[in-house]
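This is start_10.txt. It holds compact mmCIF, N, CA and C atoms.
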# COMPACT_ATOMS: atom_id res chain seq x y z
N MET V 1 1.87 8.13 -18.75
CA MET V 1 1.64 8.28 -17.32
C MET V 1 2.31 7.14 -16.57
N ALA V 2 2.59 7.37 -15.35
CA ALA V 2 3.33 6.42 -14.52
C ALA V 2 2.41 5.45 -13.79
N GLU V 3 3.04 4.53 -13.10
CA GLU V 3 2.34 3.55 -12.26
C GLU V 3 2.86 3.72 -10.84
N PHE V 4 1.96 3.69 -9.87
CA PHE V 4 2.32 3.90 -8.47
C PHE V 4 1.71 2.83 -7.59
N THR V 5 2.42 2.48 -6.53
CA THR V 5 1.88 1.60 -5.50
C THR V 5 1.48 2.47 -4.32
N VAL V 6 0.25 2.35 -3.92
CA VAL V 6 -0.27 3.04 -2.74
C VAL V 6 -0.22 2.01 -1.61
N VAL V 7 0.64 2.26 -0.62
CA VAL V 7 0.83 1.33 0.49
C VAL V 7 0.01 1.85 1.67
N LEU V 8 -0.85 1.01 2.19
CA LEU V 8 -1.73 1.37 3.30
C LEU V 8 -1.19 0.77 4.59
N TYR V 9 -1.05 1.59 5.61
CA TYR V 9 -0.54 1.13 6.91
C TYR V 9 -1.66 1.16 7.93
N ARG V 10 -1.61 0.21 8.86
CA ARG V 10 -2.61 0.20 9.93
C ARG V 10 -2.00 -0.42 11.18
N ASP V 11 -2.62 -0.13 12.28
CA ASP V 11 -2.29 -0.73 13.56
C ASP V 11 -3.34 -1.80 13.80
N ASP V 12 -2.94 -3.07 13.82
CA ASP V 12 -3.91 -4.17 13.95
C ASP V 12 -4.79 -4.02 15.19
N ALA V 13 -4.19 -3.62 16.32
CA ALA V 13 -4.97 -3.46 17.55
C ALA V 13 -5.99 -2.34 17.39
N ARG V 14 -5.59 -1.25 16.78
CA ARG V 14 -6.52 -0.13 16.54
C ARG V 14 -7.61 -0.58 15.57
N ASP V 15 -7.23 -1.34 14.55
CA ASP V 15 -8.20 -1.83 13.57
C ASP V 15 -9.26 -2.71 14.23
N GLU V 16 -8.84 -3.56 15.13
CA GLU V 16 -9.79 -4.44 15.83
C GLU V 16 -10.75 -3.66 16.71
N ALA V 17 -10.33 -2.48 17.19
CA ALA V 17 -11.14 -1.69 18.10
C ALA V 17 -12.06 -0.68 17.38
N LEU V 18 -12.03 -0.66 16.06
CA LEU V 18 -12.87 0.30 15.34
C LEU V 18 -14.35 0.06 15.61
N THR V 19 -15.08 1.13 15.70
CA THR V 19 -16.53 1.02 15.83
C THR V 19 -17.11 0.65 14.47
N THR V 20 -18.35 0.24 14.46
CA THR V 20 -19.02 -0.07 13.20
C THR V 20 -19.05 1.16 12.30
N GLU V 21 -19.28 2.32 12.88
CA GLU V 21 -19.31 3.56 12.09
C GLU V 21 -17.95 3.87 11.48
N GLU V 22 -16.88 3.68 12.25
CA GLU V 22 -15.53 3.93 11.72
C GLU V 22 -15.20 2.94 10.60
N ARG V 23 -15.57 1.70 10.79
CA ARG V 23 -15.31 0.67 9.77
C ARG V 23 -16.12 0.97 8.50
N ASP V 24 -17.38 1.36 8.66
CA ASP V 24 -18.22 1.71 7.52
C ASP V 24 -17.65 2.92 6.77
N ARG V 25 -17.15 3.90 7.53
CA ARG V 25 -16.55 5.08 6.90
C ARG V 25 -15.31 4.70 6.10
N ALA V 26 -14.52 3.76 6.61
CA ALA V 26 -13.33 3.29 5.89
C ALA V 26 -13.72 2.58 4.60
N TRP V 27 -14.70 1.67 4.69
CA TRP V 27 -15.16 0.96 3.48
C TRP V 27 -15.68 1.95 2.45
N ALA V 28 -16.43 2.94 2.90
CA ALA V 28 -16.97 3.96 1.99
C ALA V 28 -15.84 4.75 1.33
N ALA V 29 -14.81 5.08 2.09
CA ALA V 29 -13.68 5.82 1.53
C ALA V 29 -12.97 5.00 0.46
N HIS V 30 -12.79 3.70 0.71
CA HIS V 30 -12.13 2.84 -0.29
C HIS V 30 -13.01 2.67 -1.53
N SER V 31 -14.30 2.51 -1.35
CA SER V 31 -15.21 2.40 -2.49
C SER V 31 -15.18 3.69 -3.32
N ALA V 32 -15.19 4.83 -2.62
CA ALA V 32 -15.16 6.12 -3.32
C ALA V 32 -13.83 6.29 -4.06
N PHE V 33 -12.73 5.87 -3.46
CA PHE V 33 -11.43 5.96 -4.13
C PHE V 33 -11.42 5.10 -5.40
N GLN V 34 -11.92 3.89 -5.30
CA GLN V 34 -11.95 3.00 -6.46
C GLN V 34 -12.84 3.59 -7.57
N GLN V 35 -13.97 4.15 -7.21
CA GLN V 35 -14.84 4.77 -8.20
C GLN V 35 -14.17 5.99 -8.83
N TYR V 36 -13.48 6.78 -8.01
CA TYR V 36 -12.78 7.96 -8.52
C TYR V 36 -11.72 7.54 -9.53
N CYS V 37 -10.96 6.50 -9.22
CA CYS V 37 -9.96 6.00 -10.16
C CYS V 37 -10.61 5.60 -11.48
N ALA V 38 -11.71 4.89 -11.41
CA ALA V 38 -12.43 4.48 -12.62
C ALA V 38 -12.91 5.69 -13.40
N ASP V 39 -13.45 6.68 -12.70
CA ASP V 39 -13.95 7.89 -13.36
C ASP V 39 -12.83 8.66 -14.06
N GLN V 40 -11.62 8.61 -13.49
CA GLN V 40 -10.47 9.32 -14.07
C GLN V 40 -9.77 8.53 -15.16
N GLY V 41 -10.16 7.27 -15.33
CA GLY V 41 -9.49 6.42 -16.31
C GLY V 41 -8.19 5.84 -15.79
N TRP V 42 -8.01 5.85 -14.48
CA TRP V 42 -6.81 5.28 -13.87
C TRP V 42 -7.09 3.80 -13.61
N GLU V 43 -6.23 2.97 -14.08
CA GLU V 43 -6.40 1.53 -13.91
C GLU V 43 -5.88 1.10 -12.53
N ILE V 44 -6.71 0.44 -11.75
CA ILE V 44 -6.23 -0.23 -10.54
C ILE V 44 -5.81 -1.61 -11.00
N VAL V 45 -4.50 -1.79 -11.12
CA VAL V 45 -3.93 -3.03 -11.65
C VAL V 45 -4.14 -4.17 -10.66
N ALA V 46 -3.98 -3.87 -9.38
CA ALA V 46 -4.16 -4.88 -8.33
C ALA V 46 -4.44 -4.15 -7.02
N THR V 47 -5.17 -4.80 -6.15
CA THR V 47 -5.38 -4.30 -4.81
C THR V 47 -5.63 -5.49 -3.89
N ARG V 48 -5.06 -5.43 -2.71
CA ARG V 48 -5.25 -6.49 -1.72
C ARG V 48 -5.14 -5.90 -0.33
N ALA V 49 -5.92 -6.46 0.56
CA ALA V 49 -5.72 -6.22 1.99
C ALA V 49 -4.80 -7.34 2.47
N LEU V 50 -3.98 -7.06 3.43
CA LEU V 50 -3.09 -8.06 3.98
C LEU V 50 -3.61 -8.54 5.32
N GLY V 51 -3.34 -9.79 5.65
CA GLY V 51 -3.74 -10.34 6.93
C GLY V 51 -3.01 -9.66 8.08
N ALA V 52 -3.39 -10.00 9.27
CA ALA V 52 -2.81 -9.40 10.47
C ALA V 52 -1.29 -9.56 10.48
N ALA V 53 -0.59 -8.51 10.89
CA ALA V 53 0.87 -8.53 10.95
C ALA V 53 1.38 -9.64 11.87
N ALA V 54 0.62 -9.98 12.89
CA ALA V 54 1.05 -11.03 13.82
C ALA V 54 1.14 -12.38 13.13
N ARG V 55 0.49 -12.52 11.98
CA ARG V 55 0.53 -13.79 11.23
C ARG V 55 1.62 -13.78 10.15
N ALA V 56 2.41 -12.73 10.11
CA ALA V 56 3.45 -12.60 9.09
C ALA V 56 4.67 -13.46 9.43
N ARG V 57 5.48 -13.68 8.44
CA ARG V 57 6.78 -14.32 8.62
C ARG V 57 7.79 -13.40 7.97
N SER V 58 8.85 -13.07 8.68
CA SER V 58 9.85 -12.14 8.19
C SER V 58 11.18 -12.84 7.97
N LEU V 59 11.85 -12.46 6.90
CA LEU V 59 13.17 -12.98 6.59
C LEU V 59 14.12 -11.81 6.45
N ARG V 60 15.30 -11.94 7.01
CA ARG V 60 16.31 -10.89 6.84
C ARG V 60 17.69 -11.50 6.91
N SER V 61 18.62 -10.79 6.38
CA SER V 61 20.00 -11.26 6.37
C SER V 61 20.53 -11.30 7.79
N ASP V 62 21.34 -12.30 8.07
CA ASP V 62 21.99 -12.34 9.38
C ASP V 62 23.35 -11.65 9.33
N GLY V 63 23.70 -11.09 8.17
CA GLY V 63 24.97 -10.39 8.03
C GLY V 63 26.15 -11.30 7.74
N ARG V 64 25.89 -12.60 7.64
CA ARG V 64 26.96 -13.56 7.40
C ARG V 64 26.57 -14.51 6.26
N ALA V 65 25.85 -13.99 5.27
CA ALA V 65 25.40 -14.74 4.10
C ALA V 65 24.31 -15.76 4.43
N GLY V 66 23.70 -15.62 5.59
CA GLY V 66 22.60 -16.49 5.97
C GLY V 66 21.33 -15.68 6.12
N VAL V 67 20.25 -16.37 6.46
CA VAL V 67 18.95 -15.74 6.61
C VAL V 67 18.36 -16.11 7.96
N VAL V 68 17.76 -15.13 8.62
CA VAL V 68 17.05 -15.34 9.87
C VAL V 68 15.56 -15.25 9.56
N VAL V 69 14.81 -16.26 9.96
CA VAL V 69 13.36 -16.29 9.74
C VAL V 69 12.68 -16.17 11.10
N THR V 70 11.76 -15.22 11.20
CA THR V 70 11.02 -15.04 12.45
C THR V 70 9.53 -14.91 12.13
N ASP V 71 8.70 -15.28 13.07
CA ASP V 71 7.27 -15.08 12.95
C ASP V 71 6.96 -13.65 13.36
N GLY V 72 5.96 -13.08 12.73
CA GLY V 72 5.56 -11.72 13.04
C GLY V 72 6.19 -10.73 12.08
N PRO V 73 5.80 -9.48 12.22
CA PRO V 73 6.28 -8.46 11.28
C PRO V 73 7.76 -8.15 11.49
N TYR V 74 8.39 -7.65 10.44
CA TYR V 74 9.79 -7.26 10.52
C TYR V 74 9.96 -6.02 11.38
N ALA V 75 9.12 -5.01 11.13
CA ALA V 75 9.22 -3.77 11.88
C ALA V 75 8.70 -3.96 13.29
N GLU V 76 9.33 -3.30 14.23
CA GLU V 76 8.93 -3.42 15.63
C GLU V 76 8.09 -2.21 16.02
N THR V 77 7.07 -1.93 15.24
CA THR V 77 6.15 -0.84 15.53
C THR V 77 4.73 -1.38 15.48
N ALA V 78 3.82 -0.63 16.03
CA ALA V 78 2.42 -1.05 16.01
C ALA V 78 1.83 -0.95 14.61
N GLU V 79 2.27 0.06 13.85
CA GLU V 79 1.71 0.28 12.52
C GLU V 79 2.45 -0.58 11.50
N GLN V 80 1.70 -1.37 10.75
CA GLN V 80 2.26 -2.29 9.76
C GLN V 80 1.55 -2.10 8.43
N VAL V 81 2.13 -2.65 7.37
CA VAL V 81 1.47 -2.60 6.07
C VAL V 81 0.18 -3.40 6.16
N GLY V 82 -0.90 -2.79 5.73
CA GLY V 82 -2.21 -3.44 5.81
C GLY V 82 -2.80 -3.79 4.45
N GLY V 83 -2.25 -3.21 3.39
CA GLY V 83 -2.76 -3.49 2.06
C GLY V 83 -2.17 -2.54 1.05
N PHE V 84 -2.61 -2.67 -0.19
CA PHE V 84 -2.06 -1.81 -1.24
C PHE V 84 -3.02 -1.70 -2.41
N TYR V 85 -2.80 -0.66 -3.20
CA TYR V 85 -3.38 -0.49 -4.52
C TYR V 85 -2.22 -0.30 -5.48
N LEU V 86 -2.28 -0.89 -6.65
CA LEU V 86 -1.33 -0.63 -7.72
C LEU V 86 -2.12 0.11 -8.78
N VAL V 87 -1.81 1.41 -8.96
CA VAL V 87 -2.61 2.28 -9.81
C VAL V 87 -1.76 2.76 -10.99
N ALA V 88 -2.28 2.60 -12.20
CA ALA V 88 -1.58 3.01 -13.42
C ALA V 88 -2.30 4.16 -14.09
N ARG V 89 -1.58 4.82 -14.98
CA ARG V 89 -2.11 5.89 -15.82
C ARG V 89 -2.55 7.10 -15.02
N THR V 90 -1.69 7.55 -14.14
CA THR V 90 -1.98 8.76 -13.37
C THR V 90 -0.68 9.47 -13.06
N SER V 91 -0.77 10.58 -12.38
CA SER V 91 0.41 11.33 -11.95
C SER V 91 0.48 11.28 -10.43
N LEU V 92 1.65 11.52 -9.90
CA LEU V 92 1.84 11.50 -8.44
C LEU V 92 0.97 12.56 -7.77
N ASP V 93 0.91 13.76 -8.34
CA ASP V 93 0.13 14.83 -7.71
C ASP V 93 -1.37 14.50 -7.70
N ALA V 94 -1.88 14.01 -8.81
CA ALA V 94 -3.31 13.67 -8.87
C ALA V 94 -3.63 12.53 -7.93
N LEU V 95 -2.77 11.53 -7.88
CA LEU V 95 -3.01 10.39 -7.00
C LEU V 95 -2.91 10.79 -5.53
N THR V 96 -2.00 11.68 -5.21
CA THR V 96 -1.85 12.16 -3.82
C THR V 96 -3.15 12.77 -3.34
N GLU V 97 -3.74 13.60 -4.17
CA GLU V 97 -5.00 14.24 -3.79
C GLU V 97 -6.10 13.19 -3.60
N ALA V 98 -6.17 12.23 -4.50
CA ALA V 98 -7.22 11.21 -4.43
C ALA V 98 -7.05 10.29 -3.22
N VAL V 99 -5.82 9.99 -2.87
CA VAL V 99 -5.54 9.04 -1.79
C VAL V 99 -5.72 9.66 -0.41
N SER V 100 -5.71 10.97 -0.32
CA SER V 100 -5.79 11.62 0.99
C SER V 100 -7.01 11.17 1.79
N ALA V 101 -8.08 10.81 1.12
CA ALA V 101 -9.30 10.36 1.81
C ALA V 101 -9.12 9.00 2.48
N LEU V 102 -8.05 8.27 2.13
CA LEU V 102 -7.84 6.94 2.72
C LEU V 102 -7.07 7.00 4.04
N ALA V 103 -6.52 8.15 4.37
CA ALA V 103 -5.78 8.30 5.62
C ALA V 103 -6.76 8.69 6.71
N LEU V 104 -7.46 7.69 7.26
CA LEU V 104 -8.45 7.94 8.29
C LEU V 104 -8.33 6.85 9.34
N ASN V 105 -9.01 7.00 10.44
CA ASN V 105 -8.99 6.02 11.54
C ASN V 105 -7.58 5.74 12.04
N GLY V 106 -6.72 6.75 12.01
CA GLY V 106 -5.36 6.57 12.52
C GLY V 106 -4.42 5.89 11.56
N GLU V 107 -4.85 5.66 10.32
CA GLU V 107 -4.01 4.99 9.33
C GLU V 107 -3.15 6.01 8.60
N SER V 108 -2.14 5.52 7.91
CA SER V 108 -1.34 6.37 7.06
C SER V 108 -1.15 5.68 5.71
N VAL V 109 -0.76 6.47 4.73
CA VAL V 109 -0.65 5.99 3.37
C VAL V 109 0.67 6.47 2.79
N GLU V 110 1.31 5.63 2.00
CA GLU V 110 2.54 5.99 1.29
C GLU V 110 2.32 5.70 -0.19
N ILE V 111 2.79 6.59 -1.04
CA ILE V 111 2.71 6.39 -2.49
C ILE V 111 4.13 6.32 -3.02
N ARG V 112 4.42 5.24 -3.77
CA ARG V 112 5.76 5.09 -4.33
C ARG V 112 5.67 4.73 -5.80
N PRO V 113 6.58 5.26 -6.61
CA PRO V 113 6.62 4.86 -8.01
C PRO V 113 6.92 3.37 -8.12
N THR V 114 6.34 2.73 -9.12
CA THR V 114 6.54 1.31 -9.34
C THR V 114 7.47 1.13 -10.53
N VAL V 115 8.36 0.18 -10.44
CA VAL V 115 9.29 -0.12 -11.51
C VAL V 115 9.00 -1.52 -12.03
N ARG V 116 8.74 -1.63 -13.34
CA ARG V 116 8.52 -2.94 -13.96
C ARG V 116 9.83 -3.43 -14.55
N PHE V 117 10.06 -4.73 -14.44
CA PHE V 117 11.26 -5.35 -14.98
C PHE V 117 10.87 -6.41 -16.01
N VAL V 118 11.64 -6.50 -17.06
CA VAL V 118 11.51 -7.58 -18.04
C VAL V 118 12.91 -8.19 -18.17
N ASP V 119 13.00 -9.48 -17.90
CA ASP V 119 14.29 -10.18 -17.94
C ASP V 119 15.34 -9.48 -17.08
N GLY V 120 14.92 -8.99 -15.93
CA GLY V 120 15.84 -8.38 -14.98
C GLY V 120 16.26 -6.96 -15.29
N VAL V 121 15.66 -6.35 -16.32
CA VAL V 121 16.01 -4.99 -16.71
C VAL V 121 14.80 -4.08 -16.52
N PRO V 122 14.98 -2.93 -15.86
CA PRO V 122 13.84 -2.01 -15.71
C PRO V 122 13.40 -1.51 -17.08
N VAL V 123 12.10 -1.60 -17.35
CA VAL V 123 11.58 -1.16 -18.65
C VAL V 123 10.88 0.19 -18.58
N ASP V 124 10.50 0.59 -17.41
CA ASP V 124 9.97 1.94 -17.22
C ASP V 124 10.07 2.27 -15.75
N GLY V 125 10.10 3.54 -15.46
CA GLY V 125 10.19 3.97 -14.07
C GLY V 125 11.51 3.66 -13.41
N ASP V 126 12.56 3.37 -14.21
CA ASP V 126 13.84 3.00 -13.59
C ASP V 126 14.41 4.15 -12.78
N HIS V 127 14.04 5.38 -13.10
CA HIS V 127 14.46 6.52 -12.31
C HIS V 127 13.88 6.47 -10.89
N ALA V 128 12.84 5.66 -10.71
CA ALA V 128 12.20 5.55 -9.40
C ALA V 128 13.03 4.74 -8.41
N LEU V 129 14.07 4.09 -8.91
CA LEU V 129 14.92 3.27 -8.02
C LEU V 129 15.90 4.11 -7.22
N THR V 130 16.07 5.37 -7.60
CA THR V 130 17.01 6.23 -6.90
C THR V 130 16.27 7.42 -6.29
N ALA V 131 16.87 7.99 -5.28
CA ALA V 131 16.27 9.15 -4.63
C ALA V 131 16.31 10.34 -5.59
N PRO V 132 15.37 11.27 -5.43
CA PRO V 132 15.35 12.45 -6.32
C PRO V 132 16.58 13.32 -6.14
Final structure tokens representation of the file:
Amino acid sequence: MAEFTVVLYRDDARDEALTTEERDRAWAAHSAFQQYCADQGWEIVATRALGAAARARSLRSDGRAGVVVTDGPYAETAEQVGGFYLVARTSLDALTEAVSALALNGESVEIRPTVRFVDGVPVDGDHALTAP
């Protein structure tokens, strides 16, 4: 079975405005997802929430072999990466169904195959580096 990264997106301003009920529903959905993964035998290798996008630091090429460093998120949209799950031993279709419950309160979710490298060489999932 493959390993996938579930990327969670949120709008920080929307997140701050959530009611207690909306926040409780989100926590319950995440707890239920984690329990479902455990029940299915899917390993959650890692999971983290990320701090506010406004506290981010972004680096990008300046196009002349240099780097531009700016405070704040790289993307100029309200919705930013808010956290992730790294889930192993499952399939994309099964994980898609399980993750659908996490797309609530105006959030969105992306699932991408994960590629592991050993000494700079992909050891599994290397097909995930290219488009289908």
What's the 8 Å shell around Ala52 (chain V), counting all atoms listed in the file, without same-chain residues fewer than 6 positions away, as a list in words?
Asp12, Gly72, Pro73, Val81 and Gly82 of chain V
To one decimal in Å, tell me the separation between atom C of Asp71 (chain V) and atom N of Ala54 (chain V).
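Separating atom C of Asp71 (chain V) from atom N of Ala54 (chain V) is a distance of 7.3 Å.
Across the structure, CA of Val6 (chain V) and atom N of Thr70 (chain V) are spaced 25.9 Å apart.
Checking V:Leu8, V:Glu43, V:Ala2, V:Asp124 one by one against Ile111 (chain V), counting only N, CA and C atoms, you find the shortest gap at V:Leu8.
Atom pair CA of Ser91 (chain V) / CA of Ala26 (chain V) has a distance of 23.9 Å (rounded to one decimal).
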Going by DSSP on the backbone, which residues of chain V come out as helix (DSSP H, G or I)? List them as a VMD selection string.
chain V and resid 12 to 16 20 to 40 53 to 55 92 to 102 126 to 129
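For the residues V:Thr96, V:Thr47, V:Asn105, V:Ser61, ranking by smallest atom-to-atom distance to Gly83 (chain V) using all atoms listed in the file places V:Thr47 first.
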Measuring between all atoms listed in the file, which one of V:Ala53, V:Val67, V:Ile44, V:Ala29 shows the shortest distance to Arg89 (chain V)?
V:Ile44
Within 9 Å of Ala46 (chain V) using only C-alpha atoms, minus same-chain residues under 2 positions, as a compact mmCIF listing (two decimals) with N, CA and C atoms, in the coordinates of the input:
# COMPACT_ATOMS: atom_id res chain seq x y z
N GLU V 43 -6.23 2.97 -14.08
CA GLU V 43 -6.40 1.53 -13.91
C GLU V 43 -5.88 1.10 -12.53
N ILE V 44 -6.71 0.44 -11.75
CA ILE V 44 -6.23 -0.23 -10.54
C ILE V 44 -5.81 -1.61 -11.00
N ARG V 48 -5.06 -5.43 -2.71
CA ARG V 48 -5.25 -6.49 -1.72
C ARG V 48 -5.14 -5.90 -0.33
N PHE V 84 -2.61 -2.67 -0.19
CA PHE V 84 -2.06 -1.81 -1.24
C PHE V 84 -3.02 -1.70 -2.41
N TYR V 85 -2.80 -0.66 -3.20
CA TYR V 85 -3.38 -0.49 -4.52
C TYR V 85 -2.22 -0.30 -5.48
N LEU V 86 -2.28 -0.89 -6.65
CA LEU V 86 -1.33 -0.63 -7.72
C LEU V 86 -2.12 0.11 -8.78
N VAL V 87 -1.81 1.41 -8.96
CA VAL V 87 -2.61 2.28 -9.81
C VAL V 87 -1.76 2.76 -10.99
Which of these, V:Ala101, V:Thr19, V:Asp11, V:Phe4, has the shortest distance to Gln80 (chain V) once you count all atoms listed in the file?
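Among the listed residues, V:Asp11 lies closest to Gln80 (chain V).
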Using backbone DSSP assignments, extract all strand (DSSP E or B) residues from region 22-76 of chain V; output them as a ChimeraX atom specification.
/V:43-49,57-61,67-71
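Proximity of V:Ser31, V:Ser100, V:Thr5, V:Ser58 to Val45 (chain V), computed with only C-alpha atoms, is greatest for V:Thr5.
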